[in-house]
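K.L.:
Data file model.txt (compact mmCIF, C-alpha atoms) is appended below.
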# COMPACT_ATOMS: atom_id res chain seq x y z
CA MET A 23 -15.51 146.07 -42.33
CA THR A 24 -13.41 145.87 -45.46
CA PHE A 25 -14.54 146.45 -49.00
CA SER A 26 -13.01 144.24 -51.67
CA PHE A 27 -13.55 144.92 -55.34
CA SER A 28 -12.25 141.49 -56.28
CA ILE A 29 -15.49 139.95 -55.01
CA ILE A 30 -17.45 142.08 -57.49
CA ALA A 31 -14.94 141.19 -60.23
CA ASP A 32 -15.26 137.46 -59.49
CA ALA A 33 -19.06 137.63 -59.54
CA TRP A 34 -19.11 139.80 -62.67
CA PRO A 35 -20.27 137.03 -65.08
CA ILE A 36 -23.32 136.43 -62.89
CA PHE A 37 -24.10 140.13 -62.62
CA SER A 38 -23.66 140.79 -66.32
CA SER A 39 -25.92 137.92 -67.38
CA GLY A 40 -28.52 139.17 -64.89
CA LEU A 41 -28.20 142.68 -66.27
CA LEU A 42 -28.65 141.34 -69.80
CA VAL A 43 -31.84 139.50 -68.82
CA THR A 44 -33.18 142.66 -67.14
CA VAL A 45 -32.44 144.69 -70.27
CA ILE A 46 -34.06 142.10 -72.56
CA PHE A 47 -37.17 141.73 -70.41
CA CYS A 48 -37.63 145.47 -70.05
CA SER A 49 -37.07 146.11 -73.77
CA VAL A 50 -39.57 143.46 -74.84
CA ALA A 51 -42.10 144.56 -72.22
CA SER A 52 -41.75 148.26 -73.15
CA VAL A 53 -42.34 147.56 -76.83
CA LEU A 54 -45.30 145.26 -76.13
CA GLY A 55 -46.59 147.69 -73.51
CA LEU A 56 -46.43 150.67 -75.86
CA VAL A 57 -48.16 148.73 -78.62
CA LEU A 58 -50.93 147.70 -76.20
CA ALA A 59 -51.13 151.13 -74.60
CA VAL A 60 -52.35 152.94 -77.73
CA PRO A 61 -55.60 150.95 -78.10
CA ILE A 62 -56.18 151.13 -74.33
CA ALA A 63 -55.82 154.92 -74.41
CA LEU A 64 -58.06 155.25 -77.48
CA ALA A 65 -60.68 152.97 -75.93
CA GLN A 66 -60.70 155.09 -72.78
CA LEU A 67 -61.27 158.20 -74.88
CA SER A 68 -63.97 156.56 -76.96
CA ARG A 69 -67.48 157.95 -76.95
CA ARG A 70 -68.96 154.45 -76.79
CA TRP A 71 -69.29 152.97 -73.31
CA TYR A 72 -68.57 149.39 -74.48
CA TRP A 73 -65.07 150.54 -75.45
CA ARG A 74 -64.60 152.84 -72.49
CA ALA A 75 -65.79 150.52 -69.71
CA PRO A 76 -63.45 147.52 -70.24
CA ALA A 77 -60.44 149.80 -70.72
CA LYS A 78 -61.30 151.75 -67.58
CA ILE A 79 -61.77 148.54 -65.56
CA LEU A 80 -58.44 147.14 -66.77
CA VAL A 81 -56.63 150.38 -65.93
CA GLU A 82 -58.17 150.62 -62.46
CA ILE A 83 -57.43 146.99 -61.62
CA VAL A 84 -53.79 147.23 -62.66
CA ARG A 85 -53.31 150.60 -60.97
CA ASP A 86 -54.95 149.61 -57.68
CA THR A 87 -53.23 146.28 -57.02
CA PRO A 88 -49.56 145.58 -56.23
CA PHE A 89 -47.39 144.50 -59.14
CA LEU A 90 -46.26 141.52 -57.05
CA VAL A 91 -49.86 140.28 -56.72
CA GLN A 92 -50.36 140.75 -60.47
CA VAL A 93 -47.26 138.63 -61.08
CA PHE A 94 -48.59 135.92 -58.74
CA ILE A 95 -51.98 135.92 -60.46
CA ILE A 96 -50.39 135.56 -63.90
CA TYR A 97 -47.86 132.97 -62.75
CA PHE A 98 -50.02 130.85 -60.41
CA VAL A 99 -53.67 131.55 -61.20
CA VAL A 100 -53.64 131.64 -65.00
CA PRO A 101 -52.04 128.15 -65.24
CA ALA A 102 -54.59 126.81 -62.73
CA LEU A 103 -57.32 128.06 -65.05
CA GLY A 104 -55.83 125.95 -67.83
CA MET A 105 -53.12 127.99 -69.55
CA PRO A 106 -49.59 126.75 -68.80
CA MET A 107 -47.13 129.52 -68.00
CA SER A 108 -43.35 129.52 -67.75
CA SER A 109 -41.69 132.09 -65.51
CA THR A 110 -40.33 133.84 -68.62
CA ALA A 111 -43.77 134.06 -70.24
CA ALA A 112 -45.40 135.14 -66.97
CA GLY A 113 -42.71 137.75 -66.38
CA ILE A 114 -42.97 139.26 -69.86
CA LEU A 115 -46.78 139.18 -69.74
CA ALA A 116 -47.01 140.78 -66.29
CA LEU A 117 -44.45 143.47 -67.09
CA SER A 118 -46.03 144.28 -70.48
CA LEU A 119 -49.54 144.54 -69.07
CA TYR A 120 -48.33 146.71 -66.21
CA GLY A 121 -46.37 148.92 -68.62
CA ALA A 122 -49.28 149.10 -71.07
CA VAL A 123 -51.65 150.48 -68.44
CA TYR A 124 -49.26 153.14 -67.16
CA PHE A 125 -48.14 154.10 -70.69
CA SER A 126 -51.79 154.36 -71.75
CA GLU A 127 -52.38 157.00 -69.08
CA SER A 128 -49.60 159.18 -70.51
CA ILE A 129 -50.76 158.59 -74.07
CA ARG A 130 -54.30 159.51 -73.08
CA GLY A 131 -53.05 162.75 -71.55
CA ALA A 132 -50.96 163.53 -74.62
CA ILE A 133 -53.87 162.88 -76.98
CA LEU A 134 -56.01 165.24 -74.90
CA SER A 135 -53.30 167.88 -75.21
CA VAL A 136 -53.89 168.19 -78.95
CA PRO A 137 -56.38 171.07 -79.24
CA ARG A 138 -59.92 169.89 -79.84
CA GLY A 139 -60.41 172.44 -82.64
CA GLN A 140 -57.82 170.69 -84.78
CA THR A 141 -59.51 167.30 -84.68
CA ASP A 142 -62.90 168.93 -85.23
CA ALA A 143 -61.54 170.79 -88.24
CA ALA A 144 -59.98 167.58 -89.58
CA ARG A 145 -63.27 165.76 -89.23
CA ALA A 146 -65.08 168.64 -90.93
CA THR A 147 -62.81 168.27 -93.95
CA GLY A 148 -63.85 164.63 -94.13
CA MET A 149 -60.73 162.91 -92.75
CA SER A 150 -61.31 159.46 -91.29
CA TYR A 151 -60.65 158.61 -87.63
CA LEU A 152 -57.44 156.70 -88.40
CA LEU A 153 -56.21 159.39 -90.76
CA ILE A 154 -56.79 162.06 -88.10
CA LEU A 155 -54.84 159.99 -85.57
CA ARG A 156 -51.99 159.38 -88.00
CA LYS A 157 -51.67 162.84 -89.50
CA ILE A 158 -52.90 165.20 -86.78
CA VAL A 159 -52.81 163.66 -83.32
CA PHE A 160 -49.82 161.30 -83.18
CA PRO A 161 -47.20 163.64 -84.74
CA GLN A 162 -48.13 166.46 -82.37
CA MET A 163 -48.43 164.49 -79.17
CA MET A 164 -44.87 163.15 -79.27
CA GLY A 165 -43.42 166.06 -77.32
CA TYR A 166 -45.99 165.51 -74.59
CA VAL A 167 -45.83 161.78 -74.39
CA LEU A 168 -42.07 161.41 -74.02
CA PRO A 169 -41.45 162.97 -70.55
CA PRO A 170 -44.02 160.81 -68.70
CA ILE A 171 -43.08 157.74 -70.76
CA SER A 172 -39.46 158.28 -69.75
CA ASN A 173 -40.45 158.21 -66.07
CA GLN A 174 -42.53 155.10 -66.63
CA LEU A 175 -39.73 153.31 -68.47
CA ILE A 176 -37.51 153.91 -65.45
CA GLY A 177 -40.32 152.67 -63.21
CA LEU A 178 -40.63 149.57 -65.37
CA ILE A 179 -36.92 148.79 -65.04
CA LYS A 180 -37.12 149.16 -61.27
CA ASP A 181 -40.30 147.10 -60.97
CA SER A 182 -38.78 144.33 -63.07
CA ALA A 183 -36.74 143.48 -59.94
CA VAL A 184 -39.94 141.89 -58.60
CA LEU A 185 -39.71 139.19 -61.29
CA SER A 186 -36.85 137.59 -59.34
CA ILE A 187 -39.56 136.28 -57.00
CA ILE A 188 -40.90 133.98 -59.75
CA ALA A 189 -37.32 132.95 -60.59
CA VAL A 190 -36.69 135.04 -63.69
CA PRO A 191 -32.85 135.08 -63.74
CA GLU A 192 -32.56 138.89 -63.91
CA LEU A 193 -30.31 141.30 -62.05
CA THR A 194 -31.97 141.06 -58.63
CA MET A 195 -31.90 137.26 -58.83
CA ALA A 196 -28.20 137.46 -59.72
CA PHE A 197 -27.69 139.73 -56.74
CA GLN A 198 -29.39 137.28 -54.41
CA ASN A 199 -27.33 134.40 -55.85
CA VAL A 200 -24.07 136.26 -55.32
CA LEU A 201 -25.12 137.33 -51.83
CA GLY A 202 -26.10 133.75 -51.00
CA THR A 203 -22.78 132.27 -52.10
CA THR A 204 -20.25 134.94 -51.05
CA PHE A 205 -22.03 136.48 -48.02
CA ALA A 206 -20.17 139.64 -49.08
CA ALA A 207 -23.00 142.00 -48.23
CA PRO A 208 -21.57 145.50 -48.79
CA GLU A 209 -19.87 144.60 -52.06
CA THR A 210 -22.92 142.96 -53.66
CA PHE A 211 -25.20 145.76 -52.40
CA VAL A 212 -23.00 148.40 -54.01
CA ALA A 213 -22.62 146.42 -57.23
CA VAL A 214 -26.32 145.77 -57.78
CA ALA A 215 -27.38 149.30 -56.81
CA ALA A 216 -24.73 150.79 -59.11
CA LEU A 217 -25.85 148.61 -62.04
CA TYR A 218 -29.52 149.57 -61.65
CA TRP A 219 -28.58 153.20 -61.16
CA LEU A 220 -26.46 153.17 -64.32
CA LEU A 221 -29.20 151.48 -66.31
CA THR A 222 -31.92 153.93 -65.22
CA SER A 223 -29.56 156.90 -65.71
CA VAL A 224 -28.73 155.83 -69.26
CA VAL A 225 -32.43 155.47 -70.06
CA ALA A 226 -33.15 158.90 -68.53
CA LEU A 227 -30.33 160.45 -70.57
CA VAL A 228 -31.41 158.86 -73.86
CA MET A 229 -35.02 159.88 -73.29
CA SER A 230 -34.12 163.49 -72.52
CA ARG A 231 -32.08 163.60 -75.76
CA LEU A 232 -35.10 162.24 -77.63
CA GLU A 233 -37.31 164.87 -76.02
CA ARG A 234 -35.08 167.61 -77.38
CA LEU A 235 -35.43 166.14 -80.87
CA THR A 236 -39.23 166.25 -80.90
CA PRO A 237 -40.70 169.56 -81.99
CA THR A 238 -43.52 170.89 -79.88
CA HIS A 239 -46.04 173.22 -81.33
CA ARG A 240 -46.53 176.47 -79.51
CA SER A 241 -50.30 176.28 -79.50
CA MET A 242 -49.91 172.88 -77.89
CA ARG A 243 -47.80 174.20 -75.09
CA GLN A 244 -50.72 176.40 -74.08
CA ALA A 245 -53.08 173.50 -74.51
CA THR A 246 -51.03 171.39 -72.12
CA SER A 247 -51.08 173.97 -69.39
CA LEU A 248 -54.86 174.03 -69.69
CA PHE A 249 -54.92 170.26 -69.60
CA ALA A 250 -52.72 170.22 -66.52
CA MET A 251 -55.26 172.37 -64.74
CA ALA A 252 -58.16 170.23 -65.88
CA ASP A 253 -56.36 167.13 -64.62
CA ARG A 254 -55.84 168.43 -61.07
CA MET B 2 -61.56 124.62 -63.21
CA ILE B 3 -64.31 125.61 -60.81
CA LEU B 4 -63.63 128.29 -58.24
CA GLU B 5 -64.57 127.24 -54.72
CA TRP B 6 -64.91 130.27 -52.55
CA GLN B 7 -65.62 128.55 -49.22
CA TYR B 8 -61.86 128.15 -48.72
CA VAL B 9 -61.48 131.89 -48.90
CA THR B 10 -64.43 132.80 -46.69
CA HIS B 11 -62.80 130.73 -43.94
CA ALA B 12 -59.52 132.53 -44.45
CA LEU B 13 -60.97 136.01 -44.85
CA PRO B 14 -60.53 137.18 -41.22
CA PHE B 15 -56.94 135.91 -41.38
CA LEU B 16 -56.32 137.89 -44.57
CA LEU B 17 -57.98 141.01 -43.13
CA GLN B 18 -55.58 140.92 -40.18
CA GLY B 19 -52.79 140.94 -42.74
CA ALA B 20 -54.39 143.92 -44.44
CA LEU B 21 -54.23 145.77 -41.10
CA VAL B 22 -50.46 145.18 -40.97
CA THR B 23 -50.21 146.40 -44.57
CA ILE B 24 -52.05 149.59 -43.61
CA ALA B 25 -49.99 150.09 -40.43
CA VAL B 26 -46.65 149.66 -42.20
CA SER B 27 -47.63 152.00 -45.04
CA LEU B 28 -49.10 154.65 -42.76
CA LEU B 29 -46.01 154.71 -40.54
CA ALA B 30 -43.81 154.85 -43.63
CA VAL B 31 -45.67 157.77 -45.16
CA LEU B 32 -45.54 159.72 -41.86
CA LEU B 33 -41.82 159.08 -41.37
CA GLY B 34 -41.32 159.72 -45.08
CA LEU B 35 -42.97 163.12 -44.67
CA ILE B 36 -40.58 164.05 -41.87
CA LEU B 37 -37.64 162.81 -43.92
CA GLY B 38 -38.98 164.64 -46.97
CA VAL B 39 -39.07 167.95 -45.06
CA LEU B 40 -35.52 167.36 -43.80
CA ILE B 41 -34.33 166.53 -47.33
CA THR B 42 -35.95 169.68 -48.66
CA LEU B 43 -34.27 171.76 -45.95
CA GLY B 44 -30.94 170.09 -46.74
CA ARG B 45 -31.40 170.84 -50.40
CA ARG B 46 -31.92 174.53 -49.71
CA SER B 47 -29.13 174.82 -47.14
CA GLY B 48 -26.05 176.95 -47.65
CA TYR B 49 -23.63 174.06 -47.18
CA ASN B 50 -22.50 172.72 -50.55
CA ALA B 51 -21.49 169.35 -49.11
CA LEU B 52 -24.91 168.83 -47.52
CA ARG B 53 -26.67 169.80 -50.74
CA ALA B 54 -24.55 167.41 -52.79
CA LEU B 55 -25.22 164.62 -50.28
CA VAL B 56 -28.97 165.17 -50.44
CA VAL B 57 -29.00 165.28 -54.25
CA ALA B 58 -26.97 162.06 -54.37
CA TYR B 59 -29.38 160.42 -51.93
CA ILE B 60 -32.41 161.33 -54.04
CA SER B 61 -30.68 160.11 -57.20
CA ILE B 62 -29.76 156.76 -55.65
CA VAL B 63 -33.20 156.17 -54.16
CA ARG B 64 -34.98 157.08 -57.40
CA GLY B 65 -32.51 155.21 -59.59
CA THR B 66 -32.62 151.81 -57.88
CA PRO B 67 -35.53 149.41 -57.31
CA LEU B 68 -37.42 149.59 -54.02
CA PHE B 69 -37.08 145.81 -53.83
CA ILE B 70 -33.28 146.13 -53.74
CA GLN B 71 -33.56 148.86 -51.10
CA ILE B 72 -35.74 146.61 -48.96
CA LEU B 73 -33.21 143.77 -49.24
CA ILE B 74 -30.30 146.11 -48.50
CA VAL B 75 -31.98 147.44 -45.34
CA TYR B 76 -33.02 143.96 -44.21
CA TYR B 77 -29.69 142.24 -44.85
CA GLY B 78 -27.50 145.34 -44.47
CA LEU B 79 -28.46 146.64 -41.05
CA PRO B 80 -27.40 143.40 -39.28
CA VAL B 81 -24.02 143.70 -41.03
CA LEU B 82 -23.65 147.09 -39.35
CA GLY B 83 -24.38 145.33 -36.04
CA LEU B 84 -28.01 146.48 -35.77
CA ASP B 85 -30.52 143.75 -35.07
CA ILE B 86 -33.85 145.09 -36.29
CA PRO B 87 -37.11 143.13 -36.48
CA ARG B 88 -38.93 142.71 -39.80
CA PHE B 89 -41.70 145.22 -39.18
CA GLU B 90 -39.31 148.02 -38.22
CA SER B 91 -36.93 147.08 -41.00
CA GLY B 92 -39.80 147.26 -43.49
CA VAL B 93 -40.94 150.64 -42.18
CA ILE B 94 -37.36 151.96 -42.41
CA ALA B 95 -36.92 150.76 -46.00
CA LEU B 96 -40.25 152.16 -47.16
CA SER B 97 -39.81 155.52 -45.46
CA LEU B 98 -36.22 155.96 -46.69
CA ASN B 99 -37.61 155.41 -50.18
CA SER B 100 -40.70 157.51 -49.68
CA GLY B 101 -38.80 160.46 -48.20
CA ALA B 102 -36.99 161.04 -51.49
CA TYR B 103 -40.24 161.08 -53.47
CA ILE B 104 -42.07 163.20 -50.88
CA SER B 105 -39.26 165.78 -50.96
CA GLU B 106 -39.94 166.16 -54.69
CA MET B 107 -43.62 166.81 -53.89
CA ILE B 108 -42.65 169.38 -51.27
CA ARG B 109 -40.39 171.05 -53.84
CA GLY B 110 -43.37 171.31 -56.18
CA GLY B 111 -45.49 172.74 -53.35
CA LEU B 112 -42.83 175.34 -52.50
CA LEU B 113 -42.85 176.59 -56.10
CA ALA B 114 -46.58 177.25 -55.78
CA ILE B 115 -46.14 179.75 -52.93
CA PRO B 116 -46.10 183.31 -54.26
CA GLN B 117 -42.77 185.09 -53.79
CA GLY B 118 -44.73 188.17 -52.68
CA GLN B 119 -45.75 186.47 -49.44
CA LEU B 120 -42.15 185.67 -48.56
CA ASP B 121 -41.04 189.21 -49.47
CA ALA B 122 -43.84 190.67 -47.35
CA ALA B 123 -42.89 188.47 -44.40
CA LYS B 124 -39.27 189.54 -44.72
CA ALA B 125 -40.32 193.17 -45.01
CA ILE B 126 -42.14 193.08 -41.67
CA GLY B 127 -39.00 191.63 -40.13
CA MET B 128 -39.76 187.92 -39.81
CA ARG B 129 -36.70 185.69 -39.68
CA SER B 130 -36.26 182.86 -42.16
CA GLY B 131 -37.01 180.17 -39.55
CA LEU B 132 -40.23 181.93 -38.56
CA ILE B 133 -41.23 182.45 -42.21
CA TRP B 134 -40.70 178.77 -42.84
CA ARG B 135 -42.74 177.78 -39.79
CA ARG B 136 -45.58 180.29 -40.08
CA ILE B 137 -45.91 181.03 -43.82
CA THR B 138 -44.31 178.37 -45.96
CA LEU B 139 -44.78 175.06 -44.19
CA PRO B 140 -48.50 175.35 -43.32
CA GLN B 141 -49.37 176.18 -46.94
CA VAL B 142 -47.04 173.59 -48.43
CA LEU B 143 -48.53 170.87 -46.24
CA VAL B 144 -52.02 171.64 -47.57
CA LEU B 145 -50.75 171.60 -51.15
CA VAL B 146 -48.82 168.40 -50.56
CA LEU B 147 -51.67 166.54 -48.88
CA PRO B 148 -53.31 165.20 -52.09
CA PRO B 149 -50.06 163.81 -53.58
CA LEU B 150 -49.23 162.51 -50.12
CA THR B 151 -52.37 160.35 -50.07
CA MET B 152 -51.34 159.16 -53.51
CA GLU B 153 -47.96 158.22 -52.05
CA PHE B 154 -49.81 156.33 -49.29
CA THR B 155 -51.63 154.36 -52.00
CA GLY B 156 -48.30 153.65 -53.66
CA LEU B 157 -46.88 152.40 -50.36
CA LEU B 158 -49.89 150.13 -49.75
CA LYS B 159 -49.00 148.44 -53.02
CA ALA B 160 -45.25 148.57 -52.49
CA SER B 161 -45.52 147.03 -49.01
CA ALA B 162 -46.47 143.73 -50.71
CA LEU B 163 -42.72 143.40 -51.34
CA LEU B 164 -42.13 143.18 -47.59
CA SER B 165 -43.60 139.67 -47.75
CA VAL B 166 -40.24 138.67 -49.23
CA ILE B 167 -38.37 139.57 -46.05
CA GLY B 168 -40.98 137.62 -44.08
CA LEU B 169 -43.18 140.40 -42.75
CA VAL B 170 -46.60 138.84 -42.22
CA GLU B 171 -48.74 141.39 -44.06
CA LEU B 172 -51.53 140.76 -46.56
CA THR B 173 -49.46 139.17 -49.34
CA ARG B 174 -47.56 136.95 -46.90
CA ARG B 175 -50.80 135.81 -45.28
CA ALA B 176 -52.19 135.05 -48.75
CA GLN B 177 -49.15 132.87 -49.43
CA GLU B 178 -49.74 131.06 -46.14
CA VAL B 179 -53.40 130.45 -47.01
CA VAL B 180 -52.39 129.17 -50.46
CA GLY B 181 -49.90 126.83 -48.80
CA GLU B 182 -52.58 125.45 -46.51
CA THR B 183 -55.57 125.22 -48.85
CA LEU B 184 -53.76 124.81 -52.19
CA ARG B 185 -56.50 126.99 -53.67
CA SER B 186 -54.28 129.55 -55.33
CA PRO B 187 -56.81 131.16 -57.77
CA GLU B 188 -59.43 131.99 -55.14
CA VAL B 189 -56.89 133.27 -52.62
CA TRP B 190 -54.95 135.47 -55.04
CA LEU B 191 -58.08 136.95 -56.60
CA THR B 192 -59.40 137.74 -53.11
CA THR B 193 -56.08 139.29 -52.12
CA ALA B 194 -56.08 141.42 -55.27
CA ALA B 195 -59.64 142.49 -54.45
CA LEU B 196 -58.63 143.52 -50.92
CA TYR B 197 -55.74 145.64 -52.25
CA PHE B 198 -58.09 147.07 -54.87
CA VAL B 199 -60.64 148.14 -52.26
CA MET B 200 -57.97 149.84 -50.11
CA CYS B 201 -56.30 151.63 -53.01
CA PHE B 202 -59.51 152.60 -54.78
CA ALA B 203 -61.00 154.07 -51.59
CA LEU B 204 -57.82 156.03 -50.95
CA GLY B 205 -57.87 157.19 -54.58
CA ALA B 206 -61.33 158.66 -53.98
CA VAL B 207 -59.96 160.50 -50.92
CA THR B 208 -57.12 161.84 -53.08
CA ARG B 209 -59.54 163.22 -55.67
CA ARG B 210 -61.61 164.97 -52.98
CA LEU B 211 -58.52 166.48 -51.38
CA GLU B 212 -57.32 167.67 -54.78
CA LYS B 213 -60.57 169.56 -55.22
CA ALA B 214 -60.30 171.02 -51.74
CA ALA B 215 -56.67 172.06 -52.24
CA ALA B 216 -57.56 173.68 -55.58
CA VAL B 217 -60.09 175.87 -53.77
CA TYR B 218 -57.54 176.73 -51.11
CA ARG B 219 -54.98 177.69 -53.74
CA VAL B 220 -57.19 180.43 -55.25
Please express what this file holds, its structure, as structure tokens.

P.N.:
Amino acid sequence: MTFSFSIIADAWPIFSSGLLVTVIFCSVASVLGLVLAVPIALAQLSRRWYWRAPAKILVEIVRDTPFLVQVFIIYFVVPALGMPMSSTAAGILALSLYGAVYFSESIRGAILSVPRGQTDAARATGMSYLLILRKIVFPQMMGYVLPPISNQLIGLIKDSAVLSIIAVPELTMAFQNVLGTTFAAPETFVAVAALYWLLTSVVALVMSRLERLTPTHRSMRQATSLFAMADR
Amino acid sequence: MILEWQYVTHALPFLLQGALVTIAVSLLAVLLGLILGVLITLGRRSGYNALRALVVAYISIVRGTPLFIQILIVYYGLPVLGLDIPRFESGVIALSLNSGAYISEMIRGGLLAIPQGQLDAAKAIGMRSGLIWRRITLPQVLVLVLPPLTMEFTGLLKASALLSVIGLVELTRRAQEVVGETLRSPEVWLTTAALYFVMCFALGAVTRRLEKAAAVYRV
């Protein structure tokens, strides 16, 4: 068995365009997912059941079914119910929804890590709900939300490989195209694995840098350890 | 569009058989993954630098690349190496190679929870490191690791849907076959999602109970 780098070099345009699509899809889905995740997390923490229940049901459904089946439902079932869906739209929608639910779990945990006394005190001074979120909760939870979000971003990148099944021309699709035309198995395996590995490593590195930039309050560090116990 | 469920009720036994394959593949993978996870942990703590580096590289590669790619590499790669492996076995191999890396991380977490005093005491009464591992460390770690392990099983139930792509006839593949025959995609996919949901949700309840039990044990 010989290993020839020229095969990877020849197929590079295909790989790089696939990589670009993966990066674009994951970026769009992470942003949409994060935007969606905040209301989902807040709804789950709400005192009113008509906010809590739908959020909880959505989270459980997304967490307890395979991503592939979610993709199929969005790509095949939603159009059958009367809403046309391209593979791009279905891919972005599925990935964003999936990301939103997992992000919302981390955001929920981070919100809980802000000591209850602080929000009570803020309410006692007459601050509104949104003002408390903006001035008290969100600034402090950053240090707690970044580590799990970093893991989930990496998970999102890896799970985006599934979108090749509905013909989104991303990296895994590129890999299958190259494999199908060159039959150069070891070379394409190494190339695609290396590209994903590089991408996830870069994201991990950037996120760990970001984590170091966010200040964490000492009282919150204690609060998190308590939360970690409560969560077990 | 009106949903017509009679197509699905006919196909339900067929889908349930697929669910059994899903469970079998995931269960085998989590058991083999546990064995691999223990081996990886041992390799990580070994005195040989080369072995440690190899194990760390393995974990990094498995965690840094998509499971889907790993499944394709095992399925298309093993024949290149001259091994002719059927789909079921190939799927189990891919899932357990993946799972082993994650399970080793759980075992690492479990090891950190064992008080150093116990190991010191065992050493003080003259137990050798192999015996300490077998009698003191491993039994406790396994109890601590059991809840996350059931969570890993849930993850594998979901991940095994990807094996439909290499043609393993599990739940998702059977659903595709039923869709092909009946052309009733909404009913079939919603039913399939419901079947996965029931399996994963039930296992999630088991996880929560085990977590409570392990918390008692820990004290």

K.L.:
Please measure the separation of atom CA of B:Glu106 and atom CA of A:Val60, giving the value in Å to one decimal.

P.N.:
29.3 Å

K.L.:
May I ask you to extract the residues of chain B within 9 Å of chain A, using all atoms listed in the file, and to give them as a PDB file with C-alpha atoms, in the frame of the given file?

P.N.:
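Once everything was written out, this is result_11.pdb:
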ATOM      1  CA  MET B   2     -61.560 124.620 -63.210  1.00  0.00           C
ATOM      2  CA  ILE B   3     -64.310 125.610 -60.810  1.00  0.00           C
ATOM      3  CA  SER B  61     -30.680 160.110 -57.200  1.00  0.00           C
ATOM      4  CA  ILE B  62     -29.760 156.760 -55.650  1.00  0.00           C
ATOM      5  CA  VAL B  63     -33.200 156.170 -54.160  1.00  0.00           C
ATOM      6  CA  ARG B  64     -34.980 157.080 -57.400  1.00  0.00           C
ATOM      7  CA  GLY B  65     -32.510 155.210 -59.590  1.00  0.00           C
ATOM      8  CA  THR B  66     -32.620 151.810 -57.880  1.00  0.00           C
ATOM      9  CA  PRO B  67     -35.530 149.410 -57.310  1.00  0.00           C
ATOM     10  CA  LEU B  68     -37.420 149.590 -54.020  1.00  0.00           C
ATOM     11  CA  PHE B  69     -37.080 145.810 -53.830  1.00  0.00           C
ATOM     12  CA  ILE B  70     -33.280 146.130 -53.740  1.00  0.00           C
ATOM     13  CA  GLN B  71     -33.560 148.860 -51.100  1.00  0.00           C
ATOM     14  CA  LEU B  73     -33.210 143.770 -49.240  1.00  0.00           C
ATOM     15  CA  ILE B  74     -30.300 146.110 -48.500  1.00  0.00           C
ATOM     16  CA  TYR B  77     -29.690 142.240 -44.850  1.00  0.00           C
ATOM     17  CA  GLY B  78     -27.500 145.340 -44.470  1.00  0.00           C
ATOM     18  CA  VAL B  81     -24.020 143.700 -41.030  1.00  0.00           C
ATOM     19  CA  LEU B  82     -23.650 147.090 -39.350  1.00  0.00           C
ATOM     20  CA  THR B 155     -51.630 154.360 -52.000  1.00  0.00           C
ATOM     21  CA  GLY B 156     -48.300 153.650 -53.660  1.00  0.00           C
ATOM     22  CA  LEU B 158     -49.890 150.130 -49.750  1.00  0.00           C
ATOM     23  CA  LYS B 159     -49.000 148.440 -53.020  1.00  0.00           C
ATOM     24  CA  ALA B 160     -45.250 148.570 -52.490  1.00  0.00           C
ATOM     25  CA  SER B 161     -45.520 147.030 -49.010  1.00  0.00           C
ATOM     26  CA  ALA B 162     -46.470 143.730 -50.710  1.00  0.00           C
ATOM     27  CA  LEU B 163     -42.720 143.400 -51.340  1.00  0.00           C
ATOM     28  CA  VAL B 166     -40.240 138.670 -49.230  1.00  0.00           C
ATOM     29  CA  THR B 173     -49.460 139.170 -49.340  1.00  0.00           C
ATOM     30  CA  SER B 186     -54.280 129.550 -55.330  1.00  0.00           C
ATOM     31  CA  PRO B 187     -56.810 131.160 -57.770  1.00  0.00           C
ATOM     32  CA  GLU B 188     -59.430 131.990 -55.140  1.00  0.00           C
ATOM     33  CA  TRP B 190     -54.950 135.470 -55.040  1.00  0.00           C
ATOM     34  CA  LEU B 191     -58.080 136.950 -56.600  1.00  0.00           C
ATOM     35  CA  THR B 193     -56.080 139.290 -52.120  1.00  0.00           C
ATOM     36  CA  ALA B 194     -56.080 141.420 -55.270  1.00  0.00           C
ATOM     37  CA  ALA B 195     -59.640 142.490 -54.450  1.00  0.00           C
ATOM     38  CA  LEU B 196     -58.630 143.520 -50.920  1.00  0.00           C
ATOM     39  CA  TYR B 197     -55.740 145.640 -52.250  1.00  0.00           C
ATOM     40  CA  PHE B 198     -58.090 147.070 -54.870  1.00  0.00           C
ATOM     41  CA  VAL B 199     -60.640 148.140 -52.260  1.00  0.00           C
ATOM     42  CA  MET B 200     -57.970 149.840 -50.110  1.00  0.00           C
ATOM     43  CA  CYS B 201     -56.300 151.630 -53.010  1.00  0.00           C
ATOM     44  CA  PHE B 202     -59.510 152.600 -54.780  1.00  0.00           C
ATOM     45  CA  GLY B 205     -57.870 157.190 -54.580  1.00  0.00           C
ATOM     46  CA  ARG B 209     -59.540 163.220 -55.670  1.00  0.00           C
ATOM     47  CA  GLU B 212     -57.320 167.670 -54.780  1.00  0.00           C
ATOM     48  CA  LYS B 213     -60.570 169.560 -55.220  1.00  0.00           C
ATOM     49  CA  ALA B 216     -57.560 173.680 -55.580  1.00  0.00           C
TER      50      ALA B 216
END

K.L.:
Which polymer residues have any atom within 10 Å of an atom of stretch 123-131 of chain A, counting all atoms listed in the file, with same-chain residues fewer than 5 positions away left out, as a PyMOL selection string?

P.N.:
chain A and resi 52+55-67+77-78+80-85+118+136+160+163-164+166-175+177-178+246+249-250+253

K.L.:
Atom CA of A:Thr44 and atom CA of A:Val190 are how many Å apart?

P.N.:
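Rounded to one decimal, the two atoms are 9.1 Å apart.
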
K.L.:
Mind pulling up the distance from atom CA of A:Arg234 to atom CA of A:Val159?

P.N.:
19.1 Å

K.L.:
Which polymer residues, protein or nucleic acid, are no farther than 10 Å from (-53.7, 132.6, -44.9), counting only C-alpha atoms, as number ranges by chain?

P.N.:
B: 9, 11-19, 170, 172-183, 189
